[in-house]
Every structure is written in C-alpha cells, then in structure tokens.
Amino acid sequence: MRLSMLLISILLSLIPLAGIAWIIVSGTVTTVDGLFECLIMLSISGIFFLNAFWEFRDYGFLGKKTADTKKPPSAPEEH
C-alpha cells in the first residue's frame, strides 16, 4: 500500500512538469495565463514531490532512521 502511494506521488508530481514543458514548447509561457498555469503546476508538483520525499525517508532510502536517542536537555548555566 505504501509503495503504491510512493509510485502515485512520483507519477502525479511528473505530470504537471510535462504540462509546464508543453506550455514552454507551445510558446504561451509569456502570457499571464501561461505564467499562472506554470505557477500552479509547480505548486502541485512540489507538493507531490514533498510527499514522495517523506515516503522515501520513511522507507530509509534517504538518511537513517534513528531511535529516540535524544539527550536530556542540559541545565542552563548561571552566571
């Protein structure tokens, strides 16, 4: 289930990038509509890439999972 979520997130993050490429190729990137479409598609792509990043991190592909080995906070020094 989680692997399918990772693959879907990657797919849904690449589709808007293809849309941006189409806007650039068709030459409408210099219009106001083209600029706003690019901005919206970049936002959508970024959200799905962030989700894919979190999934990669949960699988352990990016960095190591550490157990809760937090040090207790040190006492503040008095002067």
# chains A, B, ... in the order shown; residues from 1 in each chain; ligands from 1

call {"tool": "select_by_dssp", "arguments": {"residues": "chain A", "states": "alpha helix (DSSP H)", "output": "number ranges by chain"}}
result
A: 2-26, 32-59

call {"tool": "atom_distance", "arguments": {"atom1": "CA of Ile15 (chain A)", "atom2": "CA of Gly60 (chain A)"}}
result
25.6 Å

call {"tool": "closest_residue", "arguments": {"among": "A:Ser26, A:Ser74, A:Ser13, A:Ser4", "to": "Leu42 (chain A)", "atoms": "only C-alpha atoms"}}
result
A:Ser13

call {"tool": "atom_distance", "arguments": {"atom1": "CA of Tyr59 (chain A)", "atom2": "CA of Leu6 (chain A)"}}
result
10.0 Å

call {"tool": "atom_distance", "arguments": {"atom1": "CA of Ser43 (chain A)", "atom2": "CA of Leu11 (chain A)"}}
result
14.8 Å

call {"tool": "closest_residue", "arguments": {"among": "A:Leu62, A:Leu7, A:Met1, A:Leu17", "to": "Leu39 (chain A)", "atoms": "only C-alpha atoms"}}
result
A:Leu17

call {"tool": "closest_residue", "arguments": {"among": "A:Trp22, A:Ile10, A:Phe53, A:Pro16", "to": "Ile40 (chain A)", "atoms": "only C-alpha atoms"}}
result
A:Pro16
